[in-house]
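Take a look at the structure set out below.
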Amino acid sequence: MPEHKTLAATGNTVVAEAMRQCKPDVMAAYPITPQTTIVEEYAAMVAKGRVHTEYVTVESEHSAMSACIGASAAGARVMTATSSQGLALMWEELHIAAGMRLPIVMANANRALSAPINIHCDHSDIMGARDAGWVTYFAETAQEAYDNTIMACRVAEHPDVMLPVMTTLDGFITTHSIDRVSVMDDESVSGFVGQYVPKTALLDLENPVMHGAFSGLGGPYFEFKKQQRIAMENARKVVKDVAEEYAKLSGRPFDVVETWGMEDAETAIVVMGSTAGNTRHVARDLRAKGERMGLVKIRVWRPFPHVELAAALKGLKAVAVLDRAESFGAEGGPLFLETRSALYDAAERIPVVDYIYGLGGSDVKLELIERAYKDLSDIAAGGAAPAGPVYLGAREEA
Amino acid sequence: MHEIRWHGRGGQGSVTSSKILAEAAFRSGWCGATAAPSFGAERRGAPVTASTRIARERIRVLSQVTAPDVVVVLDDSLLSVANAEVGMKPGGTMIVNTTRPASALGLFGDFRLVASDVTGAAEAAGVIVGGQPIVSAAIVGAFAKATGLVSLESVKAAIGEAFSGSAAAKNVEAARIAYECTSCDGAAT
């Protein structure tokens with residue numbers, strides 16, 4: 001069994017540590033503002049000889065992902081990290097990484113996109129990359145960010161998947177806060193992730209292949225996309241299988257949809273990322289007062305666990321969705337759209353209210369969560385659902 | 001749960017302080033401890049805050065501390081710009097790094113005020129970087145004495161984790177001196 005060591009560390013530190021333990025062959029990074037200290041700490045580990053990774057310093061985030069794509073196509077295990085404008089600048093390459101079926105693992109510190117200029121926490125950056133074809137995890141805590149990074153390596157490289165994976169953690173709140181994190185010894189982690197043996201490496205000169213070739217009218221582009229869809233569907237099972245195996249090692253169970261207090265709940269909040277912590281805290285207080293409300297946390301955003309979510313919300317009287325990103329002109333934020341879609345086949349119609357919150361790092365105070373739960377109680381008691389999306393905590397004059 | 005808010009200046013080390021305190025809290029047997037920086041655009045010299053929470057159980061609240069039990073002010077020049085006492089819980093504790101007596105700080109409210117010359121402790125221990133005494137570790141020694149929430153031994157061990165070599169030894173000594181010269185009574189204001 002693995003040795004477990006408890007650290008007081010930031011999310012960034014433990015993600016860098018998890019990456020080191022996965023022993024990537026190549027990491028490419030650029031210090032855009034905002035980058036993360038994940039790649040900074042990783043560079044220090046390379047410099048000190050703690051890990052033997054080819055660390056490629058490039059001239060932009062676009063180049064960072066390009067270098068990752070090249071290295072991955074060559075047959076290397078590749079990891080990197082980015083955030084906010086950096087992820088936005090990678091956008092073009094994100095699609096190429098997925099289309100070329102390259103198992104790159106990237107951490108993203110979820111942060112706002114300008115304008116106005118803002119580098120603080122929200123999910124605008126990652127939602128902008130929503131349809132790029134990457135398997136995407138969300139972490140509530142530094143512990144989850146550590147665990148997700150290790151699992152991501154296995155999911156990405158699984159022969160039924162072969163897709164890039166993004167493991168996201170909330171900027172500043174999870175990336176920079178110090179929390180208690182249990183890490184495993186190097187041998188246990190490297191034993192779990194194993195060696196990456198690429199099937200179609202460009203550097204395998206005995207078996208020459210072509211990657212990312214032209215596929216114009218009449219070419220197989222359309223069928224390639226179908227294969228990406230199938231790979232993403234396959235990832236549903238692989239994510240669960242890898243998590244089950246990992247739980248045996250770590251002692252930490254994993255559900256794509258994690259529930260709390262849902263045994264007898266009448267209402268629930270659906271949330272992703274660090275805000276699940278504040279939500280659970282409020283839900284615990286309210287349940288202690290006899291209120292029947294629960295929490296549903298989405299841990300894997302792509303492939304979206306619509307079946308599991310619908311099962312978790314079955315029979316509720318009202319649901320609130322907390323969205324830390326906008327989809328201007330849509331009926332609500334991205335998580336709301338998924339949630340309501342997941343509930344479309346439910347036997348009974350469940351009112352769903354969307355709350356946009358915490359954009360640009362706006363502090364998620366406990367009373368804001370209380371307000372959302374209060375709205376749910378009112379709806380459950382027969383009141384009308386507020387017209388959404390509700391901008392939770394926005395100053396009134398705006 | 002004990003909620004602590006730090007007031008410092010960019011580059012002064014309040015994030016290091018909050019990290020040392022979180023580590024010391026774990027070592028003192030608290031199961032939950034989290035430390036969060038102010039999430040600001042940190043410029044050197046600008047007022048910044050950091051938050052630490054300590055509890056018997058795991059902590060999942062991650063918003064910034066707005067109703068602190070303890071406020072720590074890394075230097076008294078911040079008192080005129082930072083509103084350090086805002087939101088403090090009644091009966092809380094404020095620790096100020098200053099050479100002045102508590103009664104001269106012009107702070108009034110329902111809290112215990114502890115004045116401690118932490119800069120003097122850092123200087124005495126030789127914790128000088130670029131000609132400036134650095135109080136980031138020493139202040140946690142003052143915190144340990146003033147609040148009793150963590151032991152001096154655990155603070156020393158946490159400093160040993162945060163620094164290496166002679167820097168660790170000097171900072172441990174600074175924390176010890178700060179601990180000795182801090183009153184655990186404090187003046188009720």
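Each chain of the structure tokens is named A, B, ... in the order shown, its residues numbered from 1; ligands are numbered from 1 in display order.
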
Set out as a tab-separated table a contact list for chain B and chain A with a cut-off of 8 Å, giving each residue of chain B that qualifies its closest atom pair and distance in Å to one decimal, counting only C-alpha atoms, ordered by chain and rising residue number.
residue	atom	partner	partner_atom	distance
B:Lys19	CA	A:Ile178	CA	6.6
B:Ala22	CA	A:Ala8	CA	7.1
B:Glu23	CA	A:Ala8	CA	5.8
B:Gly32	CA	A:Arg180	CA	7.5
B:Ala33	CA	A:Asp179	CA	6.5
B:Thr34	CA	A:Asp179	CA	4.8
B:Ala35	CA	A:Ile178	CA	4.8
B:Ala36	CA	A:Ser177	CA	4.2
B:Pro37	CA	A:Ser177	CA	6.6
B:Phe39	CA	A:Phe172	CA	6.1
B:Arg60	CA	A:Gly277	CA	4.5
B:Val61	CA	A:Asn278	CA	4.7
B:Leu62	CA	A:Asn278	CA	6.4
B:Ser63	CA	A:Val364	CA	5.8
B:Gln64	CA	A:Asp363	CA	7.1

File dump, residues just selected, N, CA, C and O atoms, as a PDB file, in the first residue's frame:
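This is the output file part_33.pdb:
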ATOM      1  N   LYS B  19       0.865  31.101   6.054  1.00  0.00           N
ATOM      2  CA  LYS B  19       1.232  29.720   5.741  1.00  0.00           C
ATOM      3  C   LYS B  19       1.916  29.056   6.950  1.00  0.00           C
ATOM      4  O   LYS B  19       1.610  27.912   7.290  1.00  0.00           O
ATOM      5  N   ALA B  22      -0.731  28.226   9.455  1.00  0.00           N
ATOM      6  CA  ALA B  22      -1.532  27.045   9.094  1.00  0.00           C
ATOM      7  C   ALA B  22      -0.757  25.769   9.410  1.00  0.00           C
ATOM      8  O   ALA B  22      -1.297  24.815   9.991  1.00  0.00           O
ATOM      9  N   GLU B  23       0.514  25.754   9.065  1.00  0.00           N
ATOM     10  CA  GLU B  23       1.343  24.578   9.335  1.00  0.00           C
ATOM     11  C   GLU B  23       1.475  24.353  10.845  1.00  0.00           C
ATOM     12  O   GLU B  23       1.353  23.223  11.333  1.00  0.00           O
ATOM     13  N   GLY B  32      -8.346  21.185  11.071  1.00  0.00           N
ATOM     14  CA  GLY B  32      -8.589  22.047   9.916  1.00  0.00           C
ATOM     15  C   GLY B  32      -7.791  23.325  10.020  1.00  0.00           C
ATOM     16  O   GLY B  32      -7.764  23.962  11.075  1.00  0.00           O
ATOM     17  N   ALA B  33      -7.128  23.702   8.968  1.00  0.00           N
ATOM     18  CA  ALA B  33      -6.459  24.997   8.895  1.00  0.00           C
ATOM     19  C   ALA B  33      -6.333  25.363   7.428  1.00  0.00           C
ATOM     20  O   ALA B  33      -5.872  24.568   6.622  1.00  0.00           O
ATOM     21  N   THR B  34      -6.783  26.548   7.077  1.00  0.00           N
ATOM     22  CA  THR B  34      -6.623  27.016   5.705  1.00  0.00           C
ATOM     23  C   THR B  34      -6.057  28.424   5.743  1.00  0.00           C
ATOM     24  O   THR B  34      -6.311  29.173   6.684  1.00  0.00           O
ATOM     25  N   ALA B  35      -5.296  28.776   4.745  1.00  0.00           N
ATOM     26  CA  ALA B  35      -4.736  30.120   4.642  1.00  0.00           C
ATOM     27  C   ALA B  35      -4.927  30.608   3.230  1.00  0.00           C
ATOM     28  O   ALA B  35      -4.612  29.894   2.283  1.00  0.00           O
ATOM     29  N   ALA B  36      -5.471  31.807   3.092  1.00  0.00           N
ATOM     30  CA  ALA B  36      -5.733  32.335   1.761  1.00  0.00           C
ATOM     31  C   ALA B  36      -5.182  33.747   1.651  1.00  0.00           C
ATOM     32  O   ALA B  36      -5.395  34.555   2.545  1.00  0.00           O
ATOM     33  N   PRO B  37      -4.493  34.054   0.558  1.00  0.00           N
ATOM     34  CA  PRO B  37      -4.043  35.434   0.366  1.00  0.00           C
ATOM     35  C   PRO B  37      -5.225  36.323   0.022  1.00  0.00           C
ATOM     36  O   PRO B  37      -6.347  35.841  -0.147  1.00  0.00           O
ATOM     37  N   PHE B  39      -6.042  37.722  -2.590  1.00  0.00           N
ATOM     38  CA  PHE B  39      -6.513  37.684  -3.967  1.00  0.00           C
ATOM     39  C   PHE B  39      -6.441  39.055  -4.599  1.00  0.00           C
ATOM     40  O   PHE B  39      -7.311  39.451  -5.338  1.00  0.00           O
ATOM     41  N   ARG B  60     -14.240  23.950   5.047  1.00  0.00           N
ATOM     42  CA  ARG B  60     -14.552  24.029   3.627  1.00  0.00           C
ATOM     43  C   ARG B  60     -14.982  25.422   3.204  1.00  0.00           C
ATOM     44  O   ARG B  60     -15.244  25.651   2.050  1.00  0.00           O
ATOM     45  N   VAL B  61     -15.074  26.356   4.156  1.00  0.00           N
ATOM     46  CA  VAL B  61     -15.438  27.727   3.791  1.00  0.00           C
ATOM     47  C   VAL B  61     -14.208  28.400   3.197  1.00  0.00           C
ATOM     48  O   VAL B  61     -13.132  28.363   3.782  1.00  0.00           O
ATOM     49  N   LEU B  62     -14.377  29.012   2.036  1.00  0.00           N
ATOM     50  CA  LEU B  62     -13.214  29.574   1.354  1.00  0.00           C
ATOM     51  C   LEU B  62     -13.371  31.054   1.049  1.00  0.00           C
ATOM     52  O   LEU B  62     -12.550  31.640   0.367  1.00  0.00           O
ATOM     53  N   SER B  63     -14.420  31.686   1.565  1.00  0.00           N
ATOM     54  CA  SER B  63     -14.534  33.116   1.321  1.00  0.00           C
ATOM     55  C   SER B  63     -13.554  33.851   2.233  1.00  0.00           C
ATOM     56  O   SER B  63     -12.981  33.270   3.149  1.00  0.00           O
ATOM     57  N   GLN B  64     -13.376  35.143   1.969  1.00  0.00           N
ATOM     58  CA  GLN B  64     -12.429  35.897   2.776  1.00  0.00           C
ATOM     59  C   GLN B  64     -12.998  36.142   4.171  1.00  0.00           C
ATOM     60  O   GLN B  64     -14.203  36.238   4.351  1.00  0.00           O
TER      61      GLN B  64
END

List as a PyMOL selection string the protein and nucleic acid residues near Gly109 in chain B, meaning an atom at most 10 Å away when only C-alpha atoms are counted, but skip any in the same chain fewer than 3 places from it. chain B and resi 85-86+88+90-92+112-113+188-189

I need the helix (DSSP H, G or I) residues of range 120-251 of chain A per DSSP on the backbone, written as a count of residues only. 62

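Of the residues listed (A:Leu309, A:Ile38, A:Met232, A:Ala318), A:Ala318 shows the shortest atom-to-atom separation from Val352 in chain A; distances use only C-alpha atoms.
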
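Once Leu74 in chain B and its same-chain neighbours fewer than 3 positions away are set aside, B:Trp6, B:His7, B:Gly8, B:Arg9, B:Gln12, B:Gly13, B:Ser14, B:Ser77, B:Leu78, B:Ile95, B:Val96, B:Asn97, B:Thr98, B:Val118, B:Thr119, B:Val135, B:Ser136, B:Ile139 remain within 9 Å of it when counting only C-alpha atoms.
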
Go ahead and dump the residues you just picked, all heavy atoms, as a tab-separated table (two decimals), in the first residue's frame.
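part00.tsv, written as the output of this step:
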chain	number	residue	atom	x	y	z
B	6	TRP	N	-5.02	38.93	8.44
B	6	TRP	CA	-3.70	39.55	8.47
B	6	TRP	C	-3.71	40.83	7.67
B	6	TRP	O	-4.29	40.88	6.59
B	6	TRP	CB	-2.65	38.61	7.83
B	6	TRP	CG	-2.58	37.26	8.45
B	6	TRP	CD1	-3.42	36.21	8.21
B	6	TRP	CD2	-1.63	36.80	9.41
B	6	TRP	NE1	-3.04	35.13	8.97
B	6	TRP	CE2	-1.94	35.47	9.71
B	6	TRP	CE3	-0.53	37.40	10.04
B	6	TRP	CZ2	-1.21	34.71	10.62
B	6	TRP	CZ3	0.21	36.65	10.93
B	6	TRP	CH2	-0.14	35.32	11.22
B	7	HIS	N	-3.08	41.87	8.21
B	7	HIS	CA	-2.87	43.10	7.45
B	7	HIS	C	-1.38	43.31	7.29
B	7	HIS	O	-0.66	43.40	8.28
B	7	HIS	CB	-3.48	44.30	8.19
B	7	HIS	CG	-4.97	44.30	8.22
B	7	HIS	ND1	-5.74	44.86	7.24
B	7	HIS	CD2	-5.84	43.75	9.11
B	7	HIS	CE1	-7.02	44.68	7.53
B	7	HIS	NE2	-7.11	44.00	8.65
B	8	GLY	N	-0.94	43.37	6.06
B	8	GLY	CA	0.48	43.60	5.81
B	8	GLY	C	0.64	44.49	4.60
B	8	GLY	O	-0.33	45.09	4.12
B	9	ARG	N	1.85	44.56	4.12
B	9	ARG	CA	2.12	45.28	2.88
B	9	ARG	C	2.71	44.30	1.88
B	9	ARG	O	3.39	43.35	2.27
B	9	ARG	CB	3.09	46.44	3.13
B	9	ARG	CG	2.47	47.56	3.94
B	9	ARG	CD	3.40	48.74	4.09
B	9	ARG	NE	2.78	49.80	4.88
B	9	ARG	CZ	1.92	50.70	4.39
B	9	ARG	NH1	1.57	50.65	3.11
B	9	ARG	NH2	1.39	51.62	5.17
B	12	GLN	N	5.88	42.13	2.32
B	12	GLN	CA	6.26	42.08	3.74
B	12	GLN	C	6.21	40.66	4.29
B	12	GLN	O	6.83	40.35	5.30
B	12	GLN	CB	5.31	42.98	4.52
B	12	GLN	CG	5.84	43.46	5.84
B	12	GLN	CD	4.90	44.49	6.44
B	12	GLN	OE1	3.69	44.49	6.18
B	12	GLN	NE2	5.44	45.37	7.28
B	13	GLY	N	5.44	39.81	3.66
B	13	GLY	CA	5.45	38.41	4.08
B	13	GLY	C	4.20	37.93	4.80
B	13	GLY	O	4.23	36.91	5.49
B	14	SER	N	3.08	38.65	4.65
B	14	SER	CA	1.88	38.20	5.38
B	14	SER	C	1.38	36.86	4.85
B	14	SER	O	0.79	36.07	5.59
B	14	SER	CB	0.77	39.25	5.33
B	14	SER	OG	0.56	39.69	4.02
B	77	SER	N	2.15	51.31	10.68
B	77	SER	CA	1.83	52.34	9.69
B	77	SER	C	0.54	51.98	8.93
B	77	SER	O	-0.08	52.83	8.29
B	77	SER	CB	2.98	52.51	8.69
B	77	SER	OG	3.03	51.42	7.79
B	78	LEU	N	0.15	50.71	9.01
B	78	LEU	CA	-1.07	50.27	8.32
B	78	LEU	C	-2.33	50.75	9.04
B	78	LEU	O	-3.41	50.80	8.44
B	78	LEU	CB	-1.10	48.73	8.24
B	78	LEU	CG	-0.14	48.12	7.22
B	78	LEU	CD1	0.16	46.67	7.58
B	78	LEU	CD2	-0.74	48.20	5.82
B	95	ILE	N	-3.43	42.01	17.34
B	95	ILE	CA	-1.99	42.01	17.61
B	95	ILE	C	-1.35	43.00	16.64
B	95	ILE	O	-1.54	42.88	15.42
B	95	ILE	CB	-1.40	40.60	17.40
B	95	ILE	CG1	-2.14	39.59	18.29
B	95	ILE	CG2	0.10	40.60	17.67
B	95	ILE	CD1	-2.00	38.15	17.82
B	96	VAL	N	-0.61	43.97	17.18
B	96	VAL	CA	0.01	44.98	16.32
B	96	VAL	C	1.52	44.95	16.53
B	96	VAL	O	2.00	45.00	17.66
B	96	VAL	CB	-0.53	46.40	16.63
B	96	VAL	CG1	0.11	47.42	15.69
B	96	VAL	CG2	-2.05	46.44	16.50
B	97	ASN	N	2.25	44.87	15.43
B	97	ASN	CA	3.71	44.99	15.49
B	97	ASN	C	4.05	46.48	15.59
B	97	ASN	O	3.86	47.23	14.62
B	97	ASN	CB	4.34	44.38	14.23
B	97	ASN	CG	5.82	44.69	14.14
B	97	ASN	OD1	6.48	44.95	15.16
B	97	ASN	ND2	6.36	44.68	12.93
B	98	THR	N	4.54	46.90	16.74
B	98	THR	CA	4.80	48.32	16.96
B	98	THR	C	5.82	48.47	18.08
B	98	THR	O	5.95	47.58	18.93
B	98	THR	CB	3.49	49.07	17.32
B	98	THR	OG1	3.79	50.45	17.52
B	98	THR	CG2	2.85	48.51	18.57
B	118	VAL	N	7.77	43.26	17.23
B	118	VAL	CA	8.18	42.09	16.45
B	118	VAL	C	9.36	42.44	15.54
B	118	VAL	O	10.26	41.63	15.31
B	118	VAL	CB	6.99	41.53	15.63
B	118	VAL	CG1	7.41	40.29	14.85
B	118	VAL	CG2	5.83	41.19	16.56
B	119	THR	N	9.35	43.67	15.02
B	119	THR	CA	10.48	44.12	14.19
B	119	THR	C	11.77	44.06	15.01
B	119	THR	O	12.82	43.61	14.51
B	119	THR	CB	10.25	45.55	13.68
B	119	THR	OG1	9.01	45.57	12.95
B	119	THR	CG2	11.37	46.01	12.76
B	135	VAL	N	9.57	40.34	9.24
B	135	VAL	CA	8.84	39.88	10.43
B	135	VAL	C	7.91	38.70	10.15
B	135	VAL	O	7.19	38.26	11.04
B	135	VAL	CB	8.00	41.03	11.04
B	135	VAL	CG1	8.91	42.18	11.45
B	135	VAL	CG2	6.93	41.51	10.06
B	136	SER	N	7.93	38.15	8.93
B	136	SER	CA	6.90	37.18	8.56
B	136	SER	C	6.87	35.96	9.47
B	136	SER	O	5.79	35.44	9.78
B	136	SER	CB	7.10	36.74	7.11
B	136	SER	OG	8.39	36.19	6.93
B	139	ILE	N	6.35	37.19	13.62
B	139	ILE	CA	5.00	37.60	14.03
B	139	ILE	C	4.18	36.39	14.48
B	139	ILE	O	3.28	36.51	15.33
B	139	ILE	CB	4.29	38.37	12.87
B	139	ILE	CG1	3.01	39.06	13.36
B	139	ILE	CG2	3.95	37.45	11.71
B	139	ILE	CD1	3.19	40.46	13.85

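Separating CA of Arg395 in chain A from CA of Met127 in chain A is a distance of 24.3 Å.
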
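The gap separating CA of Glu144 in chain A from CA of Glu245 in chain A is 15.5 Å, in Å to one decimal.
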
Contacts of Glu173 in chain B within 12 Å, only C-alpha atoms, excl. fewer than 5 positions in-chain, as an mmCIF file with C-alpha atoms, in the first residue's frame:
data_model
loop_
_atom_site.group_PDB
_atom_site.id
_atom_site.type_symbol
_atom_site.label_atom_id
_atom_site.label_comp_id
_atom_site.auth_asym_id
_atom_site.auth_seq_id
_atom_site.Cartn_x
_atom_site.Cartn_y
_atom_site.Cartn_z
ATOM 1 C CA VAL B 118 8.185 42.087 16.453
ATOM 2 C CA ALA B 121 12.748 40.627 17.570
ATOM 3 C CA ALA B 122 13.581 40.130 13.872
ATOM 4 C CA GLU B 123 16.462 42.600 14.119
ATOM 5 C CA ALA B 124 17.816 40.972 17.289
ATOM 6 C CA ALA B 125 17.806 37.578 15.576
ATOM 7 C CA GLY B 126 19.487 38.975 12.467
ATOM 8 C CA VAL B 127 16.574 38.338 10.096
ATOM 9 C CA VAL B 135 8.838 39.881 10.432
ATOM 10 C CA ALA B 137 8.052 34.331 10.825
ATOM 11 C CA ALA B 138 8.578 36.313 14.028
ATOM 12 C CA ILE B 139 4.997 37.602 14.027
ATOM 13 C CA VAL B 140 3.704 34.031 14.327
ATOM 14 C CA GLY B 141 5.666 33.752 17.599
ATOM 15 C CA LEU B 152 5.751 27.867 20.273
ATOM 16 C CA GLU B 153 7.197 24.429 19.486
ATOM 17 C CA VAL B 155 5.619 27.467 15.306
ATOM 18 C CA LYS B 156 9.327 26.647 15.389
ATOM 19 C CA ALA B 157 8.726 23.416 13.472
ATOM 20 C CA ILE B 159 9.269 27.830 10.364
ATOM 21 C CA GLY B 160 11.717 24.977 9.843
ATOM 22 C CA SER B 166 20.603 29.520 8.504
ATOM 23 C CA ALA B 167 17.451 31.408 7.466
ATOM 24 C CA ALA B 168 15.385 28.815 9.322
ATOM 25 C CA ALA B 178 8.818 37.733 19.724
ATOM 26 C CA TYR B 179 7.049 35.070 21.803
ATOM 27 C CA GLU B 180 9.003 36.091 24.910
#

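Among B:Ala104, B:Ile59, B:Leu149, B:Val48, the residue with the shortest atom-to-atom distance to Val81 in chain B, counting only C-alpha atoms, is B:Val48.
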
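Taking only range 70-107 of chain B, the residues that DSSP calls strand (DSSP E or B) from the backbone come to Val70, Val71, Val72, Val73, Gly92, Thr93, Met94, Ile95, Val96 and Asn97 of chain B.
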
With C-alpha atoms retained, export the selected residues as a compact mmCIF listing (two decimals), in the first residue's frame.
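Wrote it out as result.txt, contents follow:
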# COMPACT_ATOMS: atom_id res chain seq x y z
CA VAL B 70 -8.03 37.72 15.62
CA VAL B 71 -6.50 40.52 13.58
CA VAL B 72 -2.73 40.71 13.06
CA VAL B 73 -1.17 43.95 11.84
CA GLY B 92 -11.54 39.39 19.80
CA THR B 93 -7.80 40.00 19.82
CA MET B 94 -5.75 42.45 17.79
CA ILE B 95 -1.99 42.01 17.61
CA VAL B 96 0.01 44.98 16.32
CA ASN B 97 3.71 44.99 15.49

Within 7 Å of range 25-31 of chain B, counting only C-alpha atoms, which residues qualify if same-chain residues fewer than 5 places away don't, as a PyMOL selection string? chain B and resi 54-58+150-151+154

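When only C-alpha atoms are used to compute distances to Gly261 in chain A, the closest of the residues A:Gly218, A:Gly294, A:Gly315, A:Pro164 turns out to be A:Gly294.
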
Give me the residues within 7 Å of range 85-96 of chain A as a PyMOL selection string, counting only C-alpha atoms and dropping any in the same chain fewer than 2 places off. chain A and resi 32+61-62+65-66+82-83+98-100+113+125+129+132-133

Go ahead and save the picked residues with N, CA, C and O atoms, as a PDB file, in the first residue's frame.
ATOM      1  N   ILE A  32       2.813  34.055 -19.257  1.00  0.00           N
ATOM      2  CA  ILE A  32       1.846  35.121 -19.507  1.00  0.00           C
ATOM      3  C   ILE A  32       1.261  35.561 -18.168  1.00  0.00           C
ATOM      4  O   ILE A  32       1.355  34.833 -17.189  1.00  0.00           O
ATOM      5  N   GLU A  61       1.488  31.536 -25.081  1.00  0.00           N
ATOM      6  CA  GLU A  61       0.661  30.383 -24.718  1.00  0.00           C
ATOM      7  C   GLU A  61       0.241  29.600 -25.962  1.00  0.00           C
ATOM      8  O   GLU A  61       0.084  28.388 -25.913  1.00  0.00           O
ATOM      9  N   HIS A  62       0.048  30.322 -27.067  1.00  0.00           N
ATOM     10  CA  HIS A  62      -0.272  29.643 -28.325  1.00  0.00           C
ATOM     11  C   HIS A  62       0.865  28.677 -28.669  1.00  0.00           C
ATOM     12  O   HIS A  62       0.652  27.522 -29.023  1.00  0.00           O
ATOM     13  N   MET A  65       1.013  25.495 -26.245  1.00  0.00           N
ATOM     14  CA  MET A  65       0.172  24.360 -26.635  1.00  0.00           C
ATOM     15  C   MET A  65       0.660  23.740 -27.939  1.00  0.00           C
ATOM     16  O   MET A  65       0.617  22.525 -28.120  1.00  0.00           O
ATOM     17  N   SER A  66       1.178  24.558 -28.833  1.00  0.00           N
ATOM     18  CA  SER A  66       1.724  24.015 -30.087  1.00  0.00           C
ATOM     19  C   SER A  66       2.880  23.065 -29.796  1.00  0.00           C
ATOM     20  O   SER A  66       2.982  21.982 -30.381  1.00  0.00           O
ATOM     21  N   THR A  82      -2.093  26.369 -17.470  1.00  0.00           N
ATOM     22  CA  THR A  82      -2.377  27.707 -17.964  1.00  0.00           C
ATOM     23  C   THR A  82      -3.521  28.318 -17.175  1.00  0.00           C
ATOM     24  O   THR A  82      -3.984  27.754 -16.186  1.00  0.00           O
ATOM     25  N   SER A  83      -3.983  29.468 -17.641  1.00  0.00           N
ATOM     26  CA  SER A  83      -5.043  30.180 -16.941  1.00  0.00           C
ATOM     27  C   SER A  83      -5.548  31.341 -17.787  1.00  0.00           C
ATOM     28  O   SER A  83      -4.770  31.953 -18.513  1.00  0.00           O
ATOM     29  N   ALA A  98      -7.195  17.951 -29.472  1.00  0.00           N
ATOM     30  CA  ALA A  98      -8.271  16.965 -29.365  1.00  0.00           C
ATOM     31  C   ALA A  98      -8.475  16.234 -30.692  1.00  0.00           C
ATOM     32  O   ALA A  98      -8.641  15.012 -30.717  1.00  0.00           O
ATOM     33  N   GLY A  99      -8.447  16.983 -31.802  1.00  0.00           N
ATOM     34  CA  GLY A  99      -8.665  16.381 -33.114  1.00  0.00           C
ATOM     35  C   GLY A  99      -7.565  15.405 -33.492  1.00  0.00           C
ATOM     36  O   GLY A  99      -7.817  14.417 -34.183  1.00  0.00           O
ATOM     37  N   MET A 100      -6.346  15.686 -33.027  1.00  0.00           N
ATOM     38  CA  MET A 100      -5.242  14.761 -33.293  1.00  0.00           C
ATOM     39  C   MET A 100      -5.175  13.645 -32.258  1.00  0.00           C
ATOM     40  O   MET A 100      -4.284  12.794 -32.322  1.00  0.00           O
ATOM     41  N   LEU A 113     -11.898  36.395 -17.848  1.00  0.00           N
ATOM     42  CA  LEU A 113     -11.336  36.964 -19.074  1.00  0.00           C
ATOM     43  C   LEU A 113     -11.640  38.462 -19.093  1.00  0.00           C
ATOM     44  O   LEU A 113     -12.709  38.894 -18.680  1.00  0.00           O
ATOM     45  N   ASP A 125     -12.931  31.385 -18.543  1.00  0.00           N
ATOM     46  CA  ASP A 125     -11.890  30.847 -19.427  1.00  0.00           C
ATOM     47  C   ASP A 125     -12.206  29.411 -19.836  1.00  0.00           C
ATOM     48  O   ASP A 125     -12.237  29.079 -21.011  1.00  0.00           O
ATOM     49  N   ALA A 129     -13.541  27.202 -23.527  1.00  0.00           N
ATOM     50  CA  ALA A 129     -12.904  26.024 -24.132  1.00  0.00           C
ATOM     51  C   ALA A 129     -13.831  24.803 -24.074  1.00  0.00           C
ATOM     52  O   ALA A 129     -13.397  23.687 -24.335  1.00  0.00           O
ATOM     53  N   ALA A 132     -14.037  22.318 -27.092  1.00  0.00           N
ATOM     54  CA  ALA A 132     -12.779  22.006 -27.778  1.00  0.00           C
ATOM     55  C   ALA A 132     -12.517  20.505 -27.823  1.00  0.00           C
ATOM     56  O   ALA A 132     -11.642  20.042 -28.555  1.00  0.00           O
ATOM     57  N   GLY A 133     -13.255  19.724 -27.037  1.00  0.00           N
ATOM     58  CA  GLY A 133     -13.089  18.268 -27.100  1.00  0.00           C
ATOM     59  C   GLY A 133     -12.148  17.702 -26.057  1.00  0.00           C
ATOM     60  O   GLY A 133     -11.606  16.622 -26.238  1.00  0.00           O
TER      61      GLY A 133
END

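CA of Asn148 in chain A to CA of Ala107 in chain A spans 9.6 Å [interatomic distance, one decimal].
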
Nearest residue to Tyr344 in chain A out of A:Ala310, A:Ala81, A:Asn234, A:Thr200, using only C-alpha atoms? A:Ala310
